[in-house]
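Okay, protein.txt is below, compact mmCIF, C-alpha atoms:
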```
# COMPACT_ATOMS: atom_id res chain seq x y z
CA MET A 28 -12.56 -13.26 -2.85
CA GLN A 29 -11.36 -10.61 -0.41
CA PHE A 30 -8.22 -8.77 -1.51
CA LYS A 31 -6.10 -9.93 1.43
CA PHE A 32 -6.60 -13.51 0.26
CA LYS A 33 -5.97 -12.61 -3.39
CA ILE A 34 -2.59 -11.12 -2.59
CA GLN A 35 -1.74 -14.12 -0.40
CA GLU A 36 -2.33 -16.35 -3.43
CA VAL A 37 -0.20 -14.17 -5.73
CA ALA A 38 2.55 -13.95 -3.11
CA LYS A 39 2.56 -17.72 -2.78
CA ALA A 40 2.56 -18.29 -6.54
CA ASN A 41 5.44 -15.82 -7.04
CA ASN A 42 7.18 -16.76 -3.79
CA SER A 43 7.37 -13.03 -3.11
CA ARG A 44 6.10 -10.52 -0.54
CA LEU A 45 7.70 -7.53 -2.28
CA ILE A 46 5.56 -4.71 -3.71
CA LEU A 47 7.00 -2.27 -6.24
CA ALA A 48 6.10 1.41 -5.71
CA LEU A 49 6.42 3.32 -8.96
CA ASP A 50 7.13 6.70 -7.37
CA PHE A 51 9.05 8.65 -9.99
CA PRO A 52 10.43 12.14 -9.30
CA PHE A 53 8.85 15.22 -10.88
CA GLN A 54 9.79 15.61 -14.51
CA ASN A 55 9.78 18.97 -16.29
CA PRO A 56 8.83 19.29 -19.06
CA VAL A 57 6.32 16.52 -18.51
CA SER A 58 6.63 13.69 -21.00
CA GLY A 59 3.92 11.08 -20.56
CA GLN A 60 5.47 8.78 -23.12
CA GLU A 61 8.85 8.88 -21.39
CA LEU A 62 7.24 8.12 -18.03
CA ILE A 63 5.21 5.19 -19.30
CA SER A 64 8.23 3.82 -21.14
CA LYS A 65 10.25 3.99 -17.93
CA ALA A 66 7.45 2.33 -15.97
CA ASP A 67 7.16 -0.42 -18.60
CA ALA A 68 10.90 -1.05 -18.52
CA ILE A 69 11.05 -1.33 -14.72
CA LEU A 70 7.99 -3.58 -14.57
CA GLU A 71 9.53 -5.86 -17.20
CA GLN A 72 12.76 -6.09 -15.20
CA VAL A 73 11.36 -6.69 -11.73
CA TYR A 74 8.05 -8.54 -12.17
CA PRO A 75 9.57 -11.98 -11.36
CA TYR A 76 10.47 -10.68 -7.87
CA ILE A 77 7.23 -8.92 -6.84
CA CYS A 78 3.60 -9.72 -6.05
CA ALA A 79 2.01 -6.31 -6.67
CA VAL A 80 2.59 -2.77 -7.90
CA LYS A 81 1.60 0.35 -5.94
CA ILE A 82 0.84 3.45 -7.96
CA ASN A 83 0.62 6.96 -6.54
CA ASN A 84 -0.09 10.43 -7.96
CA HIS A 85 3.46 10.35 -9.35
CA LEU A 86 1.93 8.55 -12.36
CA VAL A 87 -1.78 9.38 -12.18
CA LEU A 88 -1.27 13.16 -12.39
CA PRO A 89 1.02 13.28 -15.46
CA LEU A 90 -0.52 10.31 -17.32
CA GLY A 91 -4.20 10.60 -16.48
CA LEU A 92 -6.25 7.81 -14.94
CA PHE A 93 -7.99 6.54 -18.07
CA ASP A 94 -5.62 7.98 -20.68
CA GLY A 95 -2.49 6.21 -19.45
CA VAL A 96 -2.66 4.53 -16.03
CA LYS A 97 -5.54 2.19 -16.94
CA ALA A 98 -3.49 0.63 -19.75
CA PHE A 99 -0.54 0.24 -17.40
CA VAL A 100 -2.71 -1.50 -14.80
CA GLU A 101 -3.69 -3.95 -17.55
CA LYS A 102 0.02 -4.66 -18.08
CA ILE A 103 0.40 -5.31 -14.36
CA HIS A 104 -2.46 -7.79 -14.48
CA ALA A 105 -0.98 -9.42 -17.58
CA LYS A 106 2.04 -10.27 -15.40
CA GLU A 107 -0.42 -11.91 -12.95
CA LEU A 108 0.29 -9.23 -10.35
CA LEU A 109 -2.08 -7.00 -8.39
CA ALA A 110 -2.39 -3.20 -8.58
CA ILE A 111 -2.79 -1.00 -5.48
CA MET A 112 -3.78 2.67 -5.70
CA ASP A 113 -2.12 4.79 -3.04
CA ALA A 114 -4.86 7.43 -3.02
CA LYS A 115 -4.73 8.00 0.76
CA VAL A 116 -8.49 8.58 0.57
CA ASN A 117 -9.38 11.18 3.20
CA ASP A 118 -12.73 12.88 2.56
CA ILE A 119 -16.45 12.57 3.32
CA GLY A 120 -18.07 9.24 2.51
CA ASN A 121 -19.77 10.16 -0.76
CA THR A 122 -16.54 11.61 -2.16
CA ASN A 123 -14.55 8.61 -0.95
CA GLN A 124 -16.95 6.27 -2.72
CA VAL A 125 -16.71 8.18 -6.00
CA ILE A 126 -12.90 8.30 -5.78
CA ALA A 127 -12.76 4.54 -5.23
CA ASP A 128 -15.25 3.80 -8.01
CA TYR A 129 -13.10 5.68 -10.52
CA PHE A 130 -9.93 3.88 -9.51
CA TYR A 131 -11.69 0.51 -9.57
CA ALA A 132 -13.08 1.32 -13.02
CA ALA A 133 -9.46 1.80 -14.09
CA GLY A 134 -8.70 -1.72 -12.88
CA PHE A 135 -7.11 -1.24 -9.45
CA ASP A 136 -7.49 -4.14 -7.01
CA ALA A 137 -7.18 -2.16 -3.77
CA ILE A 138 -7.00 1.38 -2.46
CA ILE A 139 -5.20 2.98 0.49
CA ALA A 140 -7.23 5.22 2.82
CA ASN A 141 -6.73 7.34 5.93
CA PRO A 142 -8.63 6.20 9.05
CA PHE A 143 -8.60 9.71 10.57
CA ILE A 144 -11.91 10.38 8.78
CA GLY A 145 -13.81 7.87 10.91
CA TRP A 146 -16.42 5.28 9.97
CA GLU A 147 -19.89 6.82 9.60
CA ASP A 148 -20.06 8.95 6.43
CA GLY A 149 -16.30 8.43 6.12
CA LEU A 150 -14.82 5.00 5.60
CA LYS A 151 -18.11 3.07 5.59
CA PRO A 152 -19.14 3.98 2.01
CA LEU A 153 -15.58 3.26 0.83
CA PHE A 154 -15.64 -0.21 2.39
CA GLU A 155 -19.13 -0.89 1.04
CA THR A 156 -18.30 -0.06 -2.57
CA SER A 157 -15.00 -1.96 -2.26
CA ARG A 158 -16.66 -5.10 -0.90
CA ARG A 159 -19.37 -5.02 -3.58
CA GLN A 160 -16.69 -5.00 -6.27
CA GLY A 161 -14.36 -7.51 -4.64
CA LYS A 162 -11.73 -4.83 -4.02
CA GLY A 163 -9.53 -4.15 -1.01
CA VAL A 164 -9.08 -1.31 1.48
CA ILE A 165 -5.71 -0.83 3.16
CA LEU A 166 -5.58 1.67 6.03
CA LEU A 167 -2.75 4.00 7.00
CA THR A 168 -1.82 3.11 10.56
CA TYR A 169 1.63 4.68 11.05
CA MET A 170 3.32 6.34 8.09
CA SER A 171 7.03 6.10 7.30
CA HIS A 172 8.06 9.78 7.45
CA LYS A 173 9.44 11.54 10.53
CA GLY A 174 6.45 13.84 10.99
CA ALA A 175 4.10 10.86 11.38
CA ALA A 176 4.59 11.11 15.14
CA GLU A 177 2.66 14.40 15.17
CA GLY A 178 -0.56 12.70 14.07
CA TYR A 179 -0.34 8.92 14.17
CA GLY A 180 1.82 9.05 17.30
CA GLN A 181 -0.21 11.57 19.29
CA MET A 182 -1.86 10.44 22.53
CA VAL A 183 -5.66 10.20 22.53
CA ILE A 184 -8.36 9.03 24.93
CA ASP A 185 -9.86 5.63 24.19
CA PRO A 186 -13.64 6.29 24.46
CA THR A 187 -14.35 2.73 25.62
CA THR A 188 -11.81 2.63 28.46
CA GLY A 189 -11.09 6.28 29.20
CA LEU A 190 -7.37 5.49 29.04
CA SER A 191 -4.75 7.48 27.14
CA VAL A 192 -3.31 5.52 24.21
CA PRO A 193 -1.29 6.32 21.06
CA GLN A 194 -3.40 7.16 18.03
CA TYR A 195 -1.79 4.38 15.97
CA MET A 196 -2.92 1.78 18.53
CA MET A 197 -6.50 3.01 18.14
CA PHE A 198 -6.14 2.70 14.38
CA ALA A 199 -4.73 -0.82 14.75
CA ARG A 200 -7.82 -1.87 16.68
CA LYS A 201 -10.08 -0.28 14.08
CA ASN A 202 -8.29 -2.24 11.34
CA VAL A 203 -9.54 -5.39 13.05
CA VAL A 204 -13.06 -4.07 13.67
CA TYR A 205 -13.43 -2.84 10.07
CA GLU A 206 -11.89 -6.06 8.71
CA ALA A 207 -9.43 -4.06 6.62
CA ASP A 208 -7.34 -5.83 4.00
CA GLY A 209 -4.11 -4.35 5.30
CA ALA A 210 -2.47 -1.82 7.58
CA VAL A 211 0.32 0.49 6.41
CA VAL A 212 3.07 0.80 9.03
CA GLY A 213 6.42 2.33 8.05
CA ALA A 214 9.51 0.14 7.94
CA THR A 215 11.24 3.12 9.58
CA VAL A 216 9.49 2.30 12.89
CA PRO A 217 9.95 -1.44 13.52
CA GLU A 218 9.04 -1.00 17.18
CA LYS A 219 5.62 0.30 16.05
CA ILE A 220 5.26 -2.64 13.65
CA SER A 221 5.79 -5.00 16.57
CA GLU A 222 3.22 -3.23 18.76
CA ILE A 223 0.63 -3.10 15.99
CA HIS A 224 1.24 -6.70 14.93
CA LYS A 225 0.33 -7.86 18.45
CA ILE A 226 -3.13 -6.37 17.88
CA LEU A 227 -3.60 -7.38 14.26
CA GLY A 228 -2.18 -10.89 14.51
CA GLU A 229 -2.94 -12.79 11.32
CA LYS A 230 -6.27 -11.01 10.80
CA VAL A 231 -4.84 -7.92 9.07
CA PRO A 232 -1.48 -8.04 7.23
CA ILE A 233 1.02 -5.20 7.62
CA TYR A 234 2.38 -3.36 4.57
CA SER A 235 5.62 -1.47 5.17
CA PRO A 236 7.02 1.32 2.97
CA GLY A 237 10.16 3.29 3.77
CA VAL A 238 12.90 0.73 3.03
CA GLY A 239 16.13 2.19 1.67
CA ALA A 240 15.65 5.84 0.72
CA GLN A 241 13.86 6.67 3.99
CA GLY A 242 16.23 4.58 6.08
CA GLY A 243 13.98 1.64 6.91
CA SER A 244 15.43 -1.86 7.25
CA ALA A 245 13.70 -4.65 5.35
CA GLU A 246 15.03 -7.27 7.75
CA ALA A 247 13.94 -5.40 10.88
CA ALA A 248 10.47 -4.77 9.46
CA ILE A 249 9.91 -8.43 8.58
CA LYS A 250 11.16 -9.64 11.95
CA ALA A 251 8.80 -7.18 13.65
CA GLY A 252 5.76 -8.56 11.82
CA THR A 253 5.55 -7.01 8.37
CA ALA A 254 3.82 -9.20 5.78
CA TYR A 255 4.61 -7.14 2.64
CA LEU A 256 7.42 -4.70 1.91
CA ILE A 257 6.64 -1.71 -0.33
CA VAL A 258 9.78 -0.43 -2.02
CA GLY A 259 9.95 2.48 -4.42
CA ARG A 260 12.96 4.77 -4.85
CA GLU A 261 15.43 2.07 -3.79
CA ILE A 262 14.37 0.14 -6.92
CA VAL A 263 13.18 2.74 -9.44
CA SER A 264 16.23 4.98 -8.95
CA ALA A 265 18.74 2.14 -9.21
CA GLU A 266 20.99 1.64 -12.21
CA ASN A 267 19.92 -2.00 -12.18
CA PRO A 268 16.37 -2.24 -10.76
CA ALA A 269 16.19 -6.00 -11.31
CA GLU A 270 19.31 -6.60 -9.22
CA VAL A 271 18.01 -4.51 -6.32
CA ALA A 272 14.63 -6.24 -6.48
CA ARG A 273 16.30 -9.65 -6.59
CA LYS A 274 18.40 -8.86 -3.51
CA LEU A 275 15.34 -7.72 -1.58
CA TRP A 276 13.44 -10.80 -2.74
CA ASN A 277 16.23 -13.03 -1.46
CA LEU A 278 16.46 -11.13 1.81
CA ILE A 279 12.73 -11.52 2.47
CA LYS A 280 12.90 -15.25 1.76
CA ASN A 281 15.88 -15.76 4.04
CA VAL A 282 14.40 -13.80 6.92
```
Representation of the structure as structure tokens:
Amino acid sequence: MQFKFKIQEVAKANNSRLILALDFPFQNPVSGQELISKADAILEQVYPYICAVKINNHLVLPLGLFDGVKAFVEKIHAKELLAIMDAKVNDIGNTNQVIADYFYAAGFDAIIANPFIGWEDGLKPLFETSRRQGKGVILLTYMSHKGAAEGYGQMVIDPTTGLSVPQYMMFARKNVVYEADGAVVGATVPEKISEIHKILGEKVPIYSPGVGAQGGSAEAAIKAGTAYLIVGREIVSAENPAEVARKLWNLIKNV
């Protein structure tokens, strides 16, 4: 089953479209045990309110993929949740395939990639290895930080029409052509979510990070067309992560 349908099923079963991003700040000296204990504690508190967990280099670098993260992914699955690797894959095709194969071997259900690399000898091998293994590919379409406008917002020439269009609109169309499992569009730019959603429709769901710490509004993102909210620091840095997750869960349901 394609990942976008798997996460729909989990979201329906949990009545949740909230994804936890375990993006912890740098810790010096590095203590892997302390990090994994913190991750365990937060997962245990918030799992009733989420449908998936997104992991970034914040955990992979200090814990190691197979030494620590793999076991944590197994804990995520034990809660009947899905695990997304935010690798932002952005290399030549062969390298992209190897990167994905390692993360899938560690148990991840989907991977995030950058469409700037193009299809031939870029994204194609990544999609092929993902489809063979029943895994998902989610493409960056407009990131949540302010500098995203310099790349994702730049104007480019559409080769099929000769017209000038924003880069993110080209990426939105490619999401549909590639049959991606999701498109990342920052909650900080609800107007872009709305534009992109008009292209994607129900074919490709939108995943929106940037709520809270980066200033994005969960309500505005959902109303604009977001399917899943990705929330990290707002939850992991809270004194009571479960309470913050519960409030977001309720907000999503009510919107």
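Across A:Met112, A:Leu62, A:Ile279, A:Leu88, the tightest approach to Val263 of chain A is made by A:Leu62 when counting all atoms listed in the file.
Close contacts of Ala68 of chain A, defined as residues with an atom at most 12 Å away when counting only C-alpha atoms, with chain neighbours fewer than 6 positions off set aside, comprise Leu49, Glu61, Leu62, Tyr74, Phe99, Lys102, Val263, Asn267, Pro268 and Ala269 of chain A.
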(message) So, with all atoms listed in the file as the atoms that count, which of A:Met197, A:Ile82, A:Leu167, A:Ala40 lies closest to Gln181 of chain A?
(response) A:Met197
Restrict the calculation to all atoms listed in the file, then for each residue of segment 53-72 of chain A with any atom at most 12 Å from an atom of segment 92-98 of chain A give the closest atom pair and their distance in Å to one decimal, rows by chain and rising residue number, as JSON lines.
```
{"residue": "A:Ser58", "atom": "CA", "partner": "A:Gly95", "partner_atom": "CA", "distance": 11.9}
{"residue": "A:Gly59", "atom": "CA", "partner": "A:Gly95", "partner_atom": "CA", "distance": 8.1}
{"residue": "A:Gln60", "atom": "CA", "partner": "A:Gly95", "partner_atom": "CA", "distance": 9.1}
{"residue": "A:Glu61", "atom": "CA", "partner": "A:Gly95", "partner_atom": "CA", "distance": 11.8}
{"residue": "A:Leu62", "atom": "CA", "partner": "A:Gly95", "partner_atom": "CA", "distance": 10.0}
{"residue": "A:Ile63", "atom": "CA", "partner": "A:Gly95", "partner_atom": "CA", "distance": 7.8}
{"residue": "A:Ser64", "atom": "CA", "partner": "A:Gly95", "partner_atom": "CA", "distance": 11.1}
{"residue": "A:Ala66", "atom": "CA", "partner": "A:Val96", "partner_atom": "CA", "distance": 10.3}
{"residue": "A:Asp67", "atom": "CA", "partner": "A:Ala98", "partner_atom": "CA", "distance": 10.8}
```
(request) Name the closest residue to Tyr169 of chain A among the candidates A:Ile69, A:Ile126, A:Ile184, A:Ile220; distances are taken between atoms, counting only C-alpha atoms. (result) A:Ile220
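For the atom pair formed by atom CA of Val192 of chain A and atom CA of Glu222 of chain A, the distance is 12.2 Å, given to one decimal.
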(message) Just checking: using all atoms listed in the file, which residue out of A:Met196, A:Ala175, A:Ala127, A:Leu275 ends up closest to Arg159 of chain A?
(response) A:Ala127
Residues near Val125 of chain A, cut-off 9 Å, only C-alpha atoms, skip fewer than 5 positions along chain, as a CSV table (one decimal) with C-alpha atoms, in the coordinates of the input:
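Written output follows (result.csv):
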```
chain,number,residue,atom,x,y,z
A,120,GLY,CA,-18.1,9.2,2.5
A,130,PHE,CA,-9.9,3.9,-9.5
A,153,LEU,CA,-15.6,3.3,0.8
```
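Proximity ranking of A:Ser171, A:Gln241, A:Ser157, A:Ser43 relative to Asp208 of chain A places A:Ser157 first, based on all atoms listed in the file.
Taking atom CA of Gly91 of chain A and atom CA of Pro236 of chain A as endpoints, the distance between them is 24.3 Å.
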(message) For a test of reading the model, state the distance in Å between atom CA of Phe32 of chain A and atom CA of Asn123 of chain A, rounded to one decimal.
(response) 23.5 Å
(request) Choose the residue, out of A:Glu261, A:Ala114, A:Gly252, A:Tyr195, that has the smallest atom-to-atom separation from Tyr179 of chain A; count all atoms listed in the file. (result) A:Tyr195
(request) Identify, on the basis of only C-alpha atoms, every residue whose closest approach to Gly242 of chain A does not exceed 12 Å; exclude the query and any residue fewer than 2 positions from it along the same chain; express the result as a ChimeraX atom specification. (result) /A:171-173,213-217,236-240,244-245,247-248,258,260-261
(request) May I have the protein, DNA and RNA residues with an atom at most 9 Å from (-15.4, -5.8, -6.0), counting all atoms listed in the file in the file's coordinates, returned as an MDAnalysis selection string? (result) chainID A and resid 28:30 131 136 156:163
(message) Applying 12 Å and all atoms listed in the file, which residues near Glu107 of chain A remain after dropping the ones on its own chain fewer than 2 positions away? List them as a PyMOL selection string.
(response) chain A and resi 33-34+36-38+40-41+70+74-75+77-80+100-105+109-110
